[in-house]
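Below is one structure, written out as structure tokens, with a few remarks after it.
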Amino acid sequence: MNKFFTMLKTELKLSFRGMDMVIFALCMPVVVAVILGVIYGNKAAAPGAEYTLSGIPLLEQQVRREISNSFLEQSFGALSTIAICAGGVMGLPLLISDYRQKKILKRYKVTPTSPAFLLAVWVAIYAIYSLLSLILVFGTLSLFFGCRFSGSFGIFLLTYILVMLSMFSIGLMVGGVAPDTKTASVIASILYFPMLIFSGATLPYEVMPASLQKAADILPLTQGIKLLKASSLGLPIESVWMPIVIMLAFMVICGGIAIRFFKWE
């Protein structure tokens, strides 16, 4: 355990010095949250909707119930995945392939360190970024735009961890089997940018045309965002069994491939 935390501390310091994850995992989600808050702050979420975008319920909504689900409250789950996407789909593959190309992994090969141990350390680093981003996004939406959390925080956190591990497993697989940094970068970019834009993480899923929503449903992160929205808004769990199965399948299959076919050099 001491070995794990020692390596985690060292790798975390190196990551902070690089500033890439600080910008894309910590700063970017907050900026997107502020932009959405400014744009949709006082407008209805959709024509005829029974909730507002700023968290202030409409008159008829006030008569029927006190708690409303605002557009930004619906977007909270999606915004919280920006850091997951940045770390899992882009950060992990580039980190692993870079270490391989610099022969750092080759040096680890002659030590008792296993691939699973190294991957666990890197997953922990990006999990820290993701959780910090989650806190920052929620704090921003809560303090400046009056958003409230309607669901169970415990269920949401468990769901968040499931989505995080599922997305990280994709990055581990790409980084673990990619022959070089260039290949890992190309594959990571092909996965990262479509999921960042079309899964609902930055561009709200609700404002997309129906045809684009159907295309976005193919992306694994879209399924993860559906899970997070359901848990944050307190929606019935029966409606999200399929996304749960999909996330678990990605986690098991991609994680297994990453460990089984991990390349040291």
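Residue numbering restarts at 1 in every chain; chains get A, B, ... in the order shown in the structure tokens, and ligands count up from 1 in that same order.
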Next on the checklist: Please list as a list of chain:residue names every residue within 8 Å of Phe250 of chain A, counting only C-alpha atoms and excluding residues in the same chain fewer than 3 positions away.
Outcome noted: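 Residues meeting the cut-off are A:Ser166, A:Met167, A:Ser169, A:Ile170, A:Ile246, A:Met247, A:Ile253, A:Cys254, A:Gly255.
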Per residue of segment 72-191 of chain A within 9 Å of segment 218-239 of chain A, note the shortest atom pair and the distance in Å to one decimal, counting only C-alpha atoms, and order the rows by chain and increasing residue number, as JSON lines.
```
{"residue": "A:Glu73", "atom": "CA", "partner": "A:Leu233", "partner_atom": "CA", "distance": 7.6}
{"residue": "A:Gln74", "atom": "CA", "partner": "A:Lys229", "partner_atom": "CA", "distance": 6.0}
{"residue": "A:Ser75", "atom": "CA", "partner": "A:Lys229", "partner_atom": "CA", "distance": 7.5}
{"residue": "A:Phe76", "atom": "CA", "partner": "A:Lys229", "partner_atom": "CA", "distance": 7.5}
{"residue": "A:Gly77", "atom": "CA", "partner": "A:Leu228", "partner_atom": "CA", "distance": 4.9}
{"residue": "A:Ala78", "atom": "CA", "partner": "A:Ile225", "partner_atom": "CA", "distance": 5.3}
{"residue": "A:Leu79", "atom": "CA", "partner": "A:Ile225", "partner_atom": "CA", "distance": 8.9}
{"residue": "A:Ser80", "atom": "CA", "partner": "A:Leu228", "partner_atom": "CA", "distance": 8.8}
{"residue": "A:Thr81", "atom": "CA", "partner": "A:Ile225", "partner_atom": "CA", "distance": 7.3}
{"residue": "A:Cys85", "atom": "CA", "partner": "A:Leu221", "partner_atom": "CA", "distance": 8.0}
{"residue": "A:Phe149", "atom": "CA", "partner": "A:Ser232", "partner_atom": "CA", "distance": 6.3}
{"residue": "A:Ser150", "atom": "CA", "partner": "A:Leu233", "partner_atom": "CA", "distance": 5.0}
{"residue": "A:Gly151", "atom": "CA", "partner": "A:Gly234", "partner_atom": "CA", "distance": 3.9}
{"residue": "A:Ser152", "atom": "CA", "partner": "A:Gly234", "partner_atom": "CA", "distance": 6.5}
{"residue": "A:Phe153", "atom": "CA", "partner": "A:Ser232", "partner_atom": "CA", "distance": 7.2}
{"residue": "A:Ile155", "atom": "CA", "partner": "A:Ser231", "partner_atom": "CA", "distance": 6.2}
{"residue": "A:Phe156", "atom": "CA", "partner": "A:Ser231", "partner_atom": "CA", "distance": 5.0}
{"residue": "A:Leu157", "atom": "CA", "partner": "A:Ser231", "partner_atom": "CA", "distance": 8.8}
{"residue": "A:Thr159", "atom": "CA", "partner": "A:Leu228", "partner_atom": "CA", "distance": 6.3}
{"residue": "A:Tyr160", "atom": "CA", "partner": "A:Leu228", "partner_atom": "CA", "distance": 6.6}
{"residue": "A:Leu162", "atom": "CA", "partner": "A:Gly224", "partner_atom": "CA", "distance": 8.4}
{"residue": "A:Val163", "atom": "CA", "partner": "A:Gly224", "partner_atom": "CA", "distance": 5.4}
{"residue": "A:Met164", "atom": "CA", "partner": "A:Gly224", "partner_atom": "CA", "distance": 8.7}
{"residue": "A:Ser166", "atom": "CA", "partner": "A:Gly224", "partner_atom": "CA", "distance": 8.7}
{"residue": "A:Met167", "atom": "CA", "partner": "A:Leu221", "partner_atom": "CA", "distance": 7.3}
```
For the residues in that selection, give me N, CA and C atoms as a short mmCIF file (atom, residue, chain, number, x, y, z; two decimals), in the first residue's frame.
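Heads up, here's the output in selection-v1.cif:
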```cif
data_model
loop_
_atom_site.label_atom_id
_atom_site.label_comp_id
_atom_site.auth_asym_id
_atom_site.auth_seq_id
_atom_site.Cartn_x
_atom_site.Cartn_y
_atom_site.Cartn_z
N GLU A 73 -29.83 21.72 -13.98
CA GLU A 73 -29.81 20.54 -13.11
C GLU A 73 -29.76 19.27 -13.96
N GLN A 74 -30.46 19.29 -15.09
CA GLN A 74 -30.36 18.16 -16.00
C GLN A 74 -28.98 18.06 -16.62
N SER A 75 -28.34 19.21 -16.81
CA SER A 75 -27.02 19.24 -17.45
C SER A 75 -25.88 18.92 -16.50
N PHE A 76 -26.16 18.92 -15.20
CA PHE A 76 -25.09 18.68 -14.23
C PHE A 76 -24.39 17.35 -14.45
N GLY A 77 -25.17 16.29 -14.64
CA GLY A 77 -24.57 14.98 -14.86
C GLY A 77 -23.69 14.95 -16.09
N ALA A 78 -24.14 15.65 -17.15
CA ALA A 78 -23.36 15.69 -18.39
C ALA A 78 -22.08 16.48 -18.21
N LEU A 79 -22.17 17.63 -17.56
CA LEU A 79 -20.98 18.47 -17.35
C LEU A 79 -19.94 17.76 -16.48
N SER A 80 -20.40 16.94 -15.57
CA SER A 80 -19.47 16.24 -14.68
C SER A 80 -18.66 15.18 -15.40
N THR A 81 -19.04 14.84 -16.65
CA THR A 81 -18.30 13.81 -17.40
C THR A 81 -17.21 14.39 -18.29
N CYS A 85 -14.07 12.22 -19.55
CA CYS A 85 -13.74 12.05 -20.97
C CYS A 85 -12.30 12.49 -21.24
N PHE A 149 -29.81 19.63 -6.03
CA PHE A 149 -29.62 18.21 -6.32
C PHE A 149 -30.87 17.47 -5.87
N SER A 150 -31.61 16.90 -6.84
CA SER A 150 -32.90 16.29 -6.53
C SER A 150 -32.82 14.81 -6.17
N GLY A 151 -31.80 14.13 -6.65
CA GLY A 151 -31.70 12.69 -6.44
C GLY A 151 -30.93 12.31 -5.18
N SER A 152 -30.56 11.05 -5.10
CA SER A 152 -29.77 10.55 -3.99
C SER A 152 -28.29 10.73 -4.30
N PHE A 153 -27.58 11.42 -3.41
CA PHE A 153 -26.16 11.65 -3.67
C PHE A 153 -25.38 10.34 -3.65
N ILE A 155 -26.42 7.29 -4.56
CA ILE A 155 -26.64 6.59 -5.83
C ILE A 155 -25.91 7.29 -6.96
N PHE A 156 -25.94 8.63 -6.94
CA PHE A 156 -25.24 9.38 -7.99
C PHE A 156 -23.75 9.09 -7.93
N LEU A 157 -23.16 9.06 -6.74
CA LEU A 157 -21.73 8.82 -6.63
C LEU A 157 -21.36 7.43 -7.12
N THR A 159 -23.01 5.72 -9.33
CA THR A 159 -23.18 5.79 -10.79
C THR A 159 -21.99 6.49 -11.44
N TYR A 160 -21.54 7.56 -10.80
CA TYR A 160 -20.40 8.33 -11.33
C TYR A 160 -19.14 7.45 -11.39
N LEU A 162 -19.07 4.19 -11.62
CA LEU A 162 -19.28 3.19 -12.68
C LEU A 162 -18.96 3.79 -14.05
N VAL A 163 -19.47 4.98 -14.33
CA VAL A 163 -19.21 5.64 -15.61
C VAL A 163 -17.72 5.94 -15.74
N MET A 164 -17.12 6.39 -14.67
CA MET A 164 -15.69 6.73 -14.68
C MET A 164 -14.84 5.50 -14.99
N SER A 166 -15.77 2.75 -16.46
CA SER A 166 -16.07 2.26 -17.81
C SER A 166 -15.32 3.06 -18.86
N MET A 167 -15.32 4.39 -18.73
CA MET A 167 -14.63 5.23 -19.69
C MET A 167 -13.11 5.09 -19.56
#
```
Item to check | Between atom CA of Val177 of chain A and atom CA of Ser15 of chain A, distance in Å (one decimal) | outcome: 22.0 Å
With 10 Å as the cut-off and only C-alpha atoms counted, what is the closest atom pair between each nearby residue of segment 81-140 of chain A and segment 187-211 of chain A? Distances in Å to one decimal, ordered by chain and number, as CSV.
```
residue,atom,partner,partner_atom,distance
A:Thr81,CA,A:Ala201,CA,6.2
A:Ile82,CA,A:Ala201,CA,5.9
A:Ala83,CA,A:Ala201,CA,9.6
A:Ile84,CA,A:Leu196,CA,9.9
A:Cys85,CA,A:Tyr192,CA,6.7
A:Ala86,CA,A:Tyr192,CA,7.3
A:Gly87,CA,A:Tyr192,CA,9.8
A:Gly88,CA,A:Tyr192,CA,9.0
A:Val89,CA,A:Tyr192,CA,5.7
A:Met90,CA,A:Ala188,CA,5.3
A:Gly91,CA,A:Ala188,CA,8.6
A:Leu92,CA,A:Ala188,CA,9.1
A:Pro93,CA,A:Ala188,CA,6.7
A:Leu94,CA,A:Ala188,CA,7.9
```
Next on the checklist: DSSP on the backbone: which residues in segment 9-257 of chain A end up as helix (DSSP H, G or I)? Give the answer as a ChimeraX atom specification.
Outcome noted: /A:9-18,20-40,59-64,71-79,82-101,104-109,115-145,153-177,181-198,205-207,210-216,220-233,237-257
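In terms of minimum interatomic distance to Ile135 of chain A, A:Val30 ranks closest within A:Leu248, A:Met242, A:Val30, A:Ala258, counting only C-alpha atoms.
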